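A.B. asks: As input, take target_34.cif (mmCIF, C-alpha atoms and all ligand atoms):
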data_query
loop_
_atom_site.label_atom_id
_atom_site.label_comp_id
_atom_site.auth_asym_id
_atom_site.auth_seq_id
_atom_site.Cartn_x
_atom_site.Cartn_y
_atom_site.Cartn_z
CA MET A 290 21.28 -67.25 43.72
CA ALA A 291 20.05 -65.27 40.73
CA LYS A 292 21.51 -61.78 40.52
CA ILE A 293 19.07 -59.02 39.70
CA LEU A 294 20.25 -55.60 38.61
CA VAL A 295 17.89 -53.06 40.19
CA THR A 296 18.34 -49.68 38.54
CA GLY A 297 17.01 -46.89 40.71
CA GLY A 298 17.16 -49.37 43.58
CA LEU A 299 17.44 -46.64 46.22
CA GLY A 300 14.27 -44.91 45.04
CA TYR A 301 10.77 -45.33 46.40
CA ILE A 302 9.56 -48.41 44.51
CA GLY A 303 13.09 -49.69 43.90
CA SER A 304 14.00 -49.88 47.59
CA HIS A 305 10.82 -51.76 48.47
CA THR A 306 11.50 -54.15 45.61
CA VAL A 307 15.02 -54.82 46.88
CA VAL A 308 13.47 -56.03 50.16
CA GLU A 309 11.05 -58.36 48.34
CA LEU A 310 13.80 -59.70 46.07
CA VAL A 311 15.88 -60.71 49.08
CA ALA A 312 12.84 -62.30 50.74
CA ALA A 313 12.29 -64.32 47.55
CA GLY A 314 15.90 -65.56 47.43
CA TYR A 315 17.35 -63.21 44.79
CA GLU A 316 20.55 -61.21 45.09
CA PRO A 317 19.89 -57.55 44.25
CA ILE A 318 22.63 -55.42 42.71
CA ILE A 319 21.66 -51.77 42.98
CA VAL A 320 22.65 -49.12 40.46
CA ASP A 321 21.51 -45.60 41.29
CA ASP A 322 22.95 -42.19 40.44
CA LEU A 323 21.34 -40.62 43.56
CA SER A 324 19.75 -37.91 41.39
CA ASN A 325 16.43 -38.44 43.17
CA SER A 326 17.35 -40.73 46.05
CA ASN A 327 19.42 -40.77 49.23
CA VAL A 328 22.45 -42.99 49.79
CA LYS A 329 21.37 -43.49 53.42
CA ILE A 330 18.53 -45.67 52.13
CA LEU A 331 21.29 -48.28 51.78
CA ASP A 332 21.70 -48.34 55.58
CA GLN A 333 17.95 -48.40 56.03
CA LEU A 334 17.75 -51.36 53.66
CA SER A 335 20.46 -53.21 55.52
CA ARG A 336 18.47 -52.81 58.74
CA ILE A 337 15.55 -54.57 57.07
CA ILE A 338 17.35 -57.28 55.11
CA GLY A 339 20.29 -57.85 57.47
CA PHE A 340 23.12 -56.97 55.08
CA LYS A 341 24.22 -54.14 52.85
CA PRO A 342 23.26 -54.86 49.26
CA ALA A 343 25.79 -54.32 46.48
CA PHE A 344 25.57 -50.74 45.28
CA TYR A 345 27.13 -48.90 42.32
CA GLN A 346 26.65 -45.17 41.92
CA PHE A 347 26.59 -44.01 38.32
CA ASP A 348 24.32 -42.64 35.62
CA LEU A 349 23.13 -45.29 33.16
CA CYS A 350 23.25 -42.71 30.38
CA ASP A 351 27.04 -42.97 30.68
CA MET A 352 27.89 -45.95 28.46
CA GLN A 353 31.49 -46.08 29.64
CA LYS A 354 30.43 -46.35 33.28
CA LEU A 355 27.91 -49.02 32.33
CA ASN A 356 30.62 -51.04 30.58
CA GLU A 357 32.86 -50.70 33.62
CA PHE A 358 30.01 -51.99 35.77
CA ILE A 359 29.55 -55.01 33.50
CA ALA A 360 33.25 -55.79 33.76
CA VAL A 361 32.92 -56.12 37.54
CA GLU A 362 29.43 -57.67 37.57
CA PRO A 363 29.38 -59.88 34.47
CA GLU A 364 26.78 -62.38 35.72
CA ILE A 365 23.38 -60.70 35.78
CA ASP A 366 20.26 -62.86 35.37
CA GLY A 367 17.62 -60.18 35.34
CA ILE A 368 17.07 -56.44 35.32
CA ILE A 369 14.36 -54.38 36.97
CA HIS A 370 14.64 -50.95 35.43
CA PHE A 371 13.20 -48.28 37.73
CA ALA A 372 15.73 -45.53 37.11
CA ALA A 373 13.95 -42.66 35.38
CA PHE A 374 12.78 -39.11 35.92
CA LYS A 375 9.13 -39.02 36.94
CA ALA A 376 7.94 -35.49 37.71
CA VAL A 377 5.15 -34.71 35.27
CA GLY A 378 5.30 -30.90 35.57
CA GLU A 379 9.08 -30.75 35.25
CA SER A 380 8.91 -32.92 32.14
CA VAL A 381 6.64 -30.33 30.52
CA ARG A 382 9.16 -27.58 31.32
CA ASN A 383 12.28 -29.62 30.42
CA PRO A 384 11.24 -32.21 27.86
CA LEU A 385 14.74 -32.76 26.49
CA LYS A 386 16.06 -33.56 29.96
CA TYR A 387 13.35 -36.21 30.30
CA TYR A 388 13.75 -37.72 26.86
CA ARG A 389 17.53 -37.79 27.17
CA ASN A 390 17.58 -39.38 30.61
CA ASN A 391 14.76 -41.87 30.26
CA PHE A 392 15.70 -43.06 26.76
CA TYR A 393 19.50 -43.08 26.93
CA SER A 394 19.45 -45.16 30.10
CA LEU A 395 17.00 -47.66 28.61
CA LEU A 396 18.79 -47.86 25.26
CA ASN A 397 22.20 -48.29 26.89
CA LEU A 398 20.91 -51.13 29.03
CA LEU A 399 19.31 -52.87 26.06
CA GLU A 400 22.44 -52.41 23.98
CA VAL A 401 24.88 -53.87 26.50
CA TYR A 402 22.69 -56.85 27.33
CA LYS A 403 21.57 -57.45 23.72
CA THR A 404 23.40 -60.71 23.30
CA LYS A 405 22.68 -62.09 26.78
CA THR A 406 19.58 -63.87 27.98
CA ILE A 407 18.25 -61.41 30.51
CA ASN A 408 14.77 -61.16 31.99
CA PHE A 409 13.83 -57.52 31.86
CA VAL A 410 11.14 -55.79 33.92
CA PHE A 411 10.20 -52.25 32.93
CA SER A 412 8.39 -49.67 35.10
CA SER A 413 5.55 -48.31 33.05
CA SER A 414 2.48 -46.41 34.13
CA CYS A 415 -1.28 -46.30 33.78
CA THR A 416 -0.66 -42.85 32.36
CA VAL A 417 -0.38 -44.60 28.95
CA TYR A 418 -4.19 -45.04 28.99
CA GLY A 419 -4.96 -41.33 29.44
CA GLN A 420 -8.69 -41.10 30.22
CA PRO A 421 -9.83 -44.63 29.29
CA ASP A 422 -13.10 -45.08 27.44
CA GLU A 423 -14.04 -48.07 29.59
CA LEU A 424 -13.41 -48.76 33.27
CA PRO A 425 -11.85 -50.73 34.75
CA VAL A 426 -9.20 -50.36 32.07
CA THR A 427 -7.64 -53.53 30.66
CA GLU A 428 -4.22 -53.97 29.09
CA ASN A 429 -5.92 -54.09 25.69
CA ALA A 430 -7.25 -50.54 25.95
CA PRO A 431 -5.76 -48.17 23.40
CA VAL A 432 -2.75 -46.11 24.38
CA LYS A 433 -3.85 -42.47 24.26
CA MET A 434 -1.85 -39.44 23.19
CA ALA A 435 0.47 -38.66 26.12
CA GLU A 436 -0.37 -35.64 28.28
CA SER A 437 3.27 -34.94 29.11
CA PRO A 438 6.81 -35.77 27.97
CA TYR A 439 7.05 -37.96 31.08
CA GLY A 440 4.03 -39.98 29.93
CA ASN A 441 5.44 -40.08 26.42
CA THR A 442 8.70 -41.61 27.68
CA LYS A 443 6.66 -44.49 29.16
CA GLN A 444 4.68 -45.04 25.94
CA ILE A 445 7.71 -44.91 23.68
CA ALA A 446 9.78 -47.07 26.03
CA GLU A 447 7.11 -49.77 25.79
CA GLU A 448 7.33 -49.55 21.97
CA ILE A 449 11.13 -49.72 22.06
CA LEU A 450 10.96 -52.86 24.19
CA ARG A 451 8.37 -54.49 21.93
CA ASP A 452 10.44 -53.73 18.84
CA ALA A 453 13.59 -55.08 20.47
CA ILE A 454 11.75 -58.32 21.29
CA THR A 455 10.37 -58.64 17.74
CA ALA A 456 13.84 -58.23 16.28
CA GLY A 457 15.48 -60.60 18.76
CA GLU A 458 17.51 -57.81 20.35
CA ALA A 459 15.91 -58.65 23.71
CA GLN A 460 14.65 -62.02 24.91
CA LYS A 461 12.07 -61.61 27.65
CA VAL A 462 10.44 -58.37 28.75
CA ILE A 463 7.54 -57.55 31.05
CA ALA A 464 6.26 -53.99 31.29
CA LEU A 465 4.33 -53.25 34.47
CA ARG A 466 1.79 -50.45 34.31
CA TYR A 467 1.59 -49.02 37.81
CA PHE A 468 -1.51 -47.30 39.03
CA ASN A 469 -0.91 -45.03 42.08
CA PRO A 470 1.73 -46.44 44.44
CA VAL A 471 1.42 -45.19 48.03
CA GLY A 472 2.34 -46.26 51.55
CA ALA A 473 5.61 -47.47 53.03
CA HIS A 474 7.30 -50.55 54.44
CA ASP A 475 5.81 -51.81 57.73
CA THR A 476 9.13 -51.24 59.51
CA ALA A 477 8.81 -47.53 58.59
CA LEU A 478 12.50 -47.66 57.64
CA ILE A 479 11.92 -46.93 53.95
CA GLY A 480 9.27 -44.94 52.12
CA GLU A 481 8.75 -42.16 49.63
CA LEU A 482 11.19 -39.24 49.86
CA PRO A 483 9.72 -36.43 47.77
CA ASN A 484 12.12 -33.91 46.37
CA GLY A 485 10.89 -30.47 47.49
CA VAL A 486 7.15 -29.83 47.49
CA PRO A 487 5.38 -33.13 46.84
CA GLN A 488 3.34 -33.31 43.65
CA ASN A 489 1.58 -36.53 44.59
CA LEU A 490 -1.41 -36.78 46.86
CA VAL A 491 -0.32 -39.01 49.73
CA PRO A 492 3.07 -37.39 50.47
CA PHE A 493 1.27 -34.06 50.42
CA ILE A 494 -1.27 -35.41 52.91
CA THR A 495 1.37 -36.75 55.30
CA GLN A 496 3.47 -33.57 55.09
CA THR A 497 0.37 -31.51 55.86
CA ALA A 498 -0.51 -33.76 58.78
CA ILE A 499 2.96 -33.36 60.28
CA GLY A 500 2.90 -29.59 59.82
CA LYS A 501 5.41 -29.24 56.99
CA ARG A 502 2.61 -27.88 54.77
CA GLU A 503 -0.15 -25.60 55.93
CA LYS A 504 -2.97 -27.22 54.00
CA ILE A 505 -3.77 -29.54 51.16
CA THR A 506 -5.78 -28.50 48.14
CA VAL A 507 -8.16 -30.96 46.53
CA PHE A 508 -7.75 -30.37 42.81
CA GLY A 509 -11.39 -30.07 41.75
CA ASN A 510 -14.73 -31.28 43.15
CA ASN A 511 -16.81 -30.94 40.01
CA TYR A 512 -15.75 -34.09 38.18
CA ASN A 513 -18.29 -36.69 37.18
CA THR A 514 -17.52 -38.97 40.15
CA LYS A 515 -19.39 -39.90 43.31
CA ASP A 516 -18.20 -36.88 45.32
CA GLY A 517 -16.83 -34.78 42.47
CA SER A 518 -13.12 -35.40 43.16
CA CYS A 519 -10.88 -37.51 40.89
CA VAL A 520 -10.73 -41.29 41.19
CA ARG A 521 -7.47 -43.30 41.19
CA ASP A 522 -6.47 -46.89 41.91
CA TYR A 523 -4.15 -46.54 44.93
CA ILE A 524 -1.91 -49.54 45.53
CA HIS A 525 0.41 -50.28 48.44
CA VAL A 526 4.05 -50.05 47.40
CA VAL A 527 4.84 -53.39 49.08
CA ASP A 528 2.18 -55.12 46.97
CA LEU A 529 3.63 -53.40 43.93
CA ALA A 530 7.16 -54.52 44.86
CA LYS A 531 5.99 -58.14 45.12
CA ALA A 532 4.63 -57.98 41.59
CA HIS A 533 8.18 -57.45 40.31
CA VAL A 534 9.21 -60.75 41.88
CA ALA A 535 6.16 -62.36 40.28
CA ALA A 536 7.22 -60.92 36.89
CA LEU A 537 10.71 -62.41 37.23
CA ARG A 538 9.23 -65.78 38.20
CA LEU A 539 6.94 -65.73 35.18
CA MET A 540 9.83 -65.01 32.81
CA GLU A 541 11.85 -67.84 34.33
CA ASN A 542 9.23 -70.28 32.98
CA GLU A 543 10.29 -72.03 29.78
CA GLY A 544 6.90 -71.24 28.32
CA PHE A 545 7.24 -67.46 28.62
CA LYS A 546 8.37 -65.85 25.39
CA GLY A 547 8.82 -62.30 24.23
CA TYR A 548 6.94 -59.34 25.60
CA ASP A 549 4.00 -58.92 27.91
CA VAL A 550 2.36 -56.10 29.84
CA PHE A 551 0.38 -56.11 33.10
CA ASN A 552 -1.70 -53.68 35.09
CA LEU A 553 -0.60 -53.31 38.71
CA GLY A 554 -3.48 -51.93 40.69
CA THR A 555 -6.05 -53.17 43.17
CA GLY A 556 -8.95 -53.08 40.75
CA ASN A 557 -10.72 -50.46 42.88
CA GLY A 558 -10.93 -46.70 42.62
CA ASN A 559 -11.03 -44.14 45.41
CA THR A 560 -11.72 -40.42 45.24
CA VAL A 561 -9.36 -37.81 46.64
CA LEU A 562 -11.90 -37.01 49.37
CA GLU A 563 -12.16 -40.70 50.27
CA ILE A 564 -8.38 -40.87 50.63
CA ILE A 565 -8.39 -37.82 52.90
CA ALA A 566 -11.17 -39.39 55.02
CA ALA A 567 -9.31 -42.72 55.16
CA PHE A 568 -6.18 -40.94 56.33
CA GLU A 569 -8.08 -39.09 59.05
CA ASN A 570 -9.91 -42.21 60.21
CA THR A 571 -6.92 -44.52 60.38
CA THR A 572 -4.50 -42.04 61.95
CA GLY A 573 -6.87 -39.90 64.02
CA VAL A 574 -5.14 -36.80 62.61
CA ARG A 575 -7.37 -34.07 61.16
CA LEU A 576 -6.25 -32.61 57.86
CA ASN A 577 -6.51 -28.97 56.92
CA TYR A 578 -7.80 -29.15 53.37
CA GLU A 579 -9.62 -26.95 50.89
CA ILE A 580 -11.25 -27.43 47.52
CA GLY A 581 -9.31 -25.77 44.71
CA PRO A 582 -9.43 -25.65 40.92
CA ARG A 583 -8.73 -28.65 38.74
CA ARG A 584 -5.08 -29.44 37.98
CA GLU A 585 -4.20 -29.26 34.30
CA GLY A 586 -3.62 -32.66 32.72
CA ASP A 587 -5.46 -34.67 35.39
CA VAL A 588 -7.72 -37.44 34.16
CA GLU A 589 -11.12 -37.70 35.83
CA LYS A 590 -11.07 -41.33 36.83
CA VAL A 591 -8.98 -44.40 36.25
CA TRP A 592 -8.71 -47.78 37.87
CA GLY A 593 -7.30 -51.00 36.57
CA ASP A 594 -8.71 -54.35 35.55
CA VAL A 595 -6.36 -56.79 37.27
CA THR A 596 -7.72 -60.04 35.81
CA LYS A 597 -4.65 -60.58 33.65
CA SER A 598 -2.20 -59.97 36.53
CA THR A 599 -4.21 -62.31 38.74
CA ASN A 600 -4.34 -65.11 36.20
CA LYS A 601 -0.98 -64.89 34.44
CA LEU A 602 1.28 -63.18 36.96
CA HIS A 603 -0.38 -65.04 39.84
CA TRP A 604 -0.27 -61.84 41.80
CA GLN A 605 -2.90 -59.76 43.55
CA ALA A 606 -2.74 -56.73 45.82
CA GLN A 607 -3.41 -57.67 49.45
CA LEU A 608 -3.17 -54.45 51.44
CA GLY A 609 -6.07 -52.04 51.78
CA ILE A 610 -6.42 -48.28 51.97
CA ASP A 611 -6.12 -48.20 55.76
CA ILE A 612 -2.68 -49.83 55.75
CA MET A 613 -1.64 -47.61 52.85
CA MET A 614 -2.49 -44.55 54.93
CA SER A 615 -1.17 -45.74 58.30
CA SER A 616 2.15 -46.92 56.84
CA ALA A 617 2.62 -43.64 54.95
CA TRP A 618 1.96 -41.80 58.21
CA GLU A 619 4.38 -43.97 60.24
CA TRP A 620 7.07 -43.27 57.65
CA GLU A 621 6.41 -39.50 57.72
CA LYS A 622 6.75 -39.50 61.51
CA TYR A 623 9.88 -41.64 61.36
CA ILE A 624 11.56 -39.35 58.86
CA ALA A 625 10.62 -36.26 60.92
CA GLU A 626 12.40 -37.76 63.93
CA ASN A 627 15.26 -39.35 61.98
CA PRO A 628 16.07 -37.10 59.02
CA LEU A 629 18.25 -38.92 56.52
C1 LIG B 1 0.69 -38.55 38.47
C2 LIG B 1 0.87 -38.42 37.02
C3 LIG B 1 1.12 -39.80 36.45
C4 LIG B 1 2.37 -40.36 37.03
C5 LIG B 1 2.29 -40.34 38.53
C6 LIG B 1 3.69 -40.60 39.01
C7 LIG B 1 -0.38 -36.43 36.36
C8 LIG B 1 -1.53 -35.94 35.59
N1 LIG B 1 -0.25 -37.78 36.41
O1 LIG B 1 -0.44 -39.39 38.73
O2 LIG B 1 1.28 -39.70 35.07
O3 LIG B 1 2.56 -41.67 36.58
O4 LIG B 1 1.88 -39.09 39.04
O5 LIG B 1 3.82 -40.30 40.35
O6 LIG B 1 0.37 -35.66 36.91
N2 LIG B 1 -4.33 -34.36 44.13
C9 LIG B 1 -4.92 -33.36 44.88
N3 LIG B 1 -4.11 -32.51 45.59
C10 LIG B 1 -2.75 -32.64 45.60
C11 LIG B 1 -2.15 -33.68 44.85
C12 LIG B 1 -2.98 -34.52 44.12
O7 LIG B 1 -6.14 -33.20 44.88
O8 LIG B 1 -2.07 -31.84 46.26
C13 LIG B 1 -5.18 -35.29 43.38
C14 LIG B 1 -4.94 -35.28 41.89
O9 LIG B 1 -5.77 -34.34 41.26
C15 LIG B 1 -5.32 -36.72 41.53
C16 LIG B 1 -4.98 -37.52 42.77
O10 LIG B 1 -4.86 -36.58 43.82
O11 LIG B 1 -6.69 -36.82 41.32
C17 LIG B 1 -3.67 -38.27 42.64
O12 LIG B 1 -2.68 -37.36 42.22
P1 LIG B 1 -1.14 -37.78 42.12
O13 LIG B 1 -0.73 -38.42 43.38
O14 LIG B 1 -0.37 -36.59 41.65
O15 LIG B 1 -1.14 -38.92 41.02
P2 LIG B 1 -1.67 -38.88 39.51
O16 LIG B 1 -2.01 -37.55 39.06
O17 LIG B 1 -2.74 -39.91 39.42
#
Would you kindly transcribe this structure into structure tokens?
C.D. replies:
Amino acid sequence: MAKILVTGGLGYIGSHTVVELVAAGYEPIIVDDLSNSNVKILDQLSRIIGFKPAFYQFDLCDMQKLNEFIAVEPEIDGIIHFAAFKAVGESVRNPLKYYRNNFYSLLNLLEVYKTKTINFVFSSSCTVYGQPDELPVTENAPVKMAESPYGNTKQIAEEILRDAITAGEAQKVIALRYFNPVGAHDTALIGELPNGVPQNLVPFITQTAIGKREKITVFGNNYNTKDGSCVRDYIHVVDLAKAHVAALRLMENEGFKGYDVFNLGTGNGNTVLEIIAAFENTTGVRLNYEIGPRREGDVEKVWGDVTKSTNKLHWQAQLGIDIMMSSAWEWEKYIAENPL
């Protein structure tokens, strides 16, 4: 059974990917420093997959700890590198914290596995496109000047990986550019656990619906979109998780060489107001919302062209907006009744 190191494996996307790895016959080895995750997710995972996955708690920026880990887990076949800081606003306030964490962890991993043949999957983001000139945006669209240090860590990390491949310091790398991951596992045992006040739309919606927040503000209704609110390509986290398995499978092919990058979206865009309506319709819960000013740094509209992922990764998103909303809501209710 191929062993896959899943960094950040107790986080939102990481935990869902652990489930899909097991379903596909891989053995996940989780490394997580718990800086933005909860160790109880390990128990939740074991309730889904039937056993407790291997787990090591340490910070990948600590090279000594990483070497100790390699001494006890020498046989790793692939890495899915989720572990990173991801709060856009915080990255603007504390850029050095973001650059230090997101780069040291990546560089340490690349360094220690330099001489081994490892298939490497990197979590990138559609944020690298900024406001694309053409929609849907393809992987060939130019990378735009980053709006935040967080976004810059994704852009530069992609360059680091490409350079490492060119120089033979890494063998096979796939960068996955996520659009907007939402929703939760259908067991409602794992999902997104925002730290403090959620910055992202769907956790804010579900927390408002359950009464943790008084109301949700729609950031702007005067954009050049069908109803004036911003458009994003929302994708179910379980679909997204499955794409990581597809990326590993692709790299296992003899024919795959070097570096490649794929969009992970549905290919469709929805406005903020459409998402609110979809939540209300699927759950029957009315949301208290208001229209507010635009949020600084937001792009007007972005959705992905998924032709390349469909053809080369042999992967496509299956789950629609309704399941995204209902699963997010089931998870919010679960966590209200069973706080971790
Ligand atoms: C944001 C980041 C993106 C990052 C991603 C990671 C910015 C500009 N972009 O994506 O780089 O990869 O998070 O999670 O921060 N909205 C509201 N009210 C709210 C919250 C959000 O109207 O309370 C709107 C936003 O204006 C946006 C949409 O909902 O149009 C989605 O917002 P969000 O979930 O924060 O994701 P992004 O901004 O697309």
A.B. asks: As JSON, what would the box around region 606-622 of chain A look like: edges along x, y and z, 6 Å added on every side, centre and edge lengths in Å to one decimal?
C.D. replies:
{"center_x": 0.3, "center_y": -48.6, "center_z": 53.7, "size_x": 25.5, "size_y": 30.2, "size_z": 27.7}
A.B. asks: Quick one: residues within 10 Å of region 455-457 of chain A, only C-alpha atoms counted, chain neighbours fewer than 6 positions away excluded, as a list in words?
C.D. replies: Lys403, Thr404, Ile449, Gly547 and Tyr548 of chain A
A.B. asks: Would you compute the distance between CA of Glu447 (chain A) and CA of Leu395 (chain A)? Give it in Å to one decimal.
C.D. replies: 10.5 Å
A.B. asks: Please extract the residues at most 6 Å from ligand LIG 1 (chain B), counting only C-alpha atoms and all ligand atoms, and provide them as an NGL selection string, using the chain letters and residue numbers of this document.
C.D. replies: :A and (377 or 414 or 416 or 440 or 488-490 or 493 or 505-508 or 519 or 561 or 584 or 586-587)
A.B. asks: Can you measure CA of Gly556 (chain A) to CA of Ala536 (chain A) for me? One decimal in Å is fine.
C.D. replies: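 Separation of CA of Gly556 (chain A) and CA of Ala536 (chain A): 18.4 Å.
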A.B. asks: Find the residues around Met290 (chain A) up to 7 Å (only C-alpha atoms counted), leave out those fewer than 6 positions away in its own chain, and share them as a PyMOL selection string.
C.D. replies: chain A and resi 314-316
A.B. asks: Show which residues sit within 8 Å of Phe411 (chain A), as a PyMOL selection string. Count all atoms listed in the file, and ignore same-chain residues fewer than 6 positions away.
C.D. replies: chain A and resi 369-371+462-465
A.B. asks: Looking at all atoms listed in the file, which of A:Glu579, A:Glu589, A:Glu364, A:Glu503 is the one that sits closest to Lys515 (chain A)?
C.D. replies: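 Selected residue with least distance to Lys515 (chain A): A:Glu589.
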A.B. asks: Any idea what's packed within 6 Å of region 615-619 of chain A, counting all atoms listed in the file, ignoring anything in its chain fewer than 6 positions away? Could you give it as a PyMOL selection string?
C.D. replies: chain A and resi 472-473+477+495
A.B. asks: With all atoms listed in the file as the counted atoms, please give the residues lying no more than 12 Å from Leu608 (chain A), apart from itself and same-chain residues fewer than 5 positions off, as a list in words.
C.D. replies: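 What passes the distance filter is Pro470, Val471, Gly472, Ala473, His474, Asp475, Tyr523, Ile524, His525, Val526, Val527, Asp528, Leu529, Lys531, Gly554, Thr555, Met613, Met614, Ser615 and Ser616 of chain A.
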A.B. asks: How many Å lie between CA of Asn510 (chain A) and CA of Ile580 (chain A), rounded to one decimal?
C.D. replies: 6.8 Å
A.B. asks: Taking all atoms listed in the file into account, name the residue in A:Leu399, A:Met434, A:Val550, A:Ile338 that is nearest to Leu478 (chain A).
C.D. replies: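 Smallest distance to Leu478 (chain A) is found for A:Ile338.
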A.B. asks: With only C-alpha atoms as the basis for distance, which of A:Val320, A:Ile624, A:Leu602, A:Asn356 is at the shortest distance from Asn542 (chain A)?
C.D. replies: A:Leu602
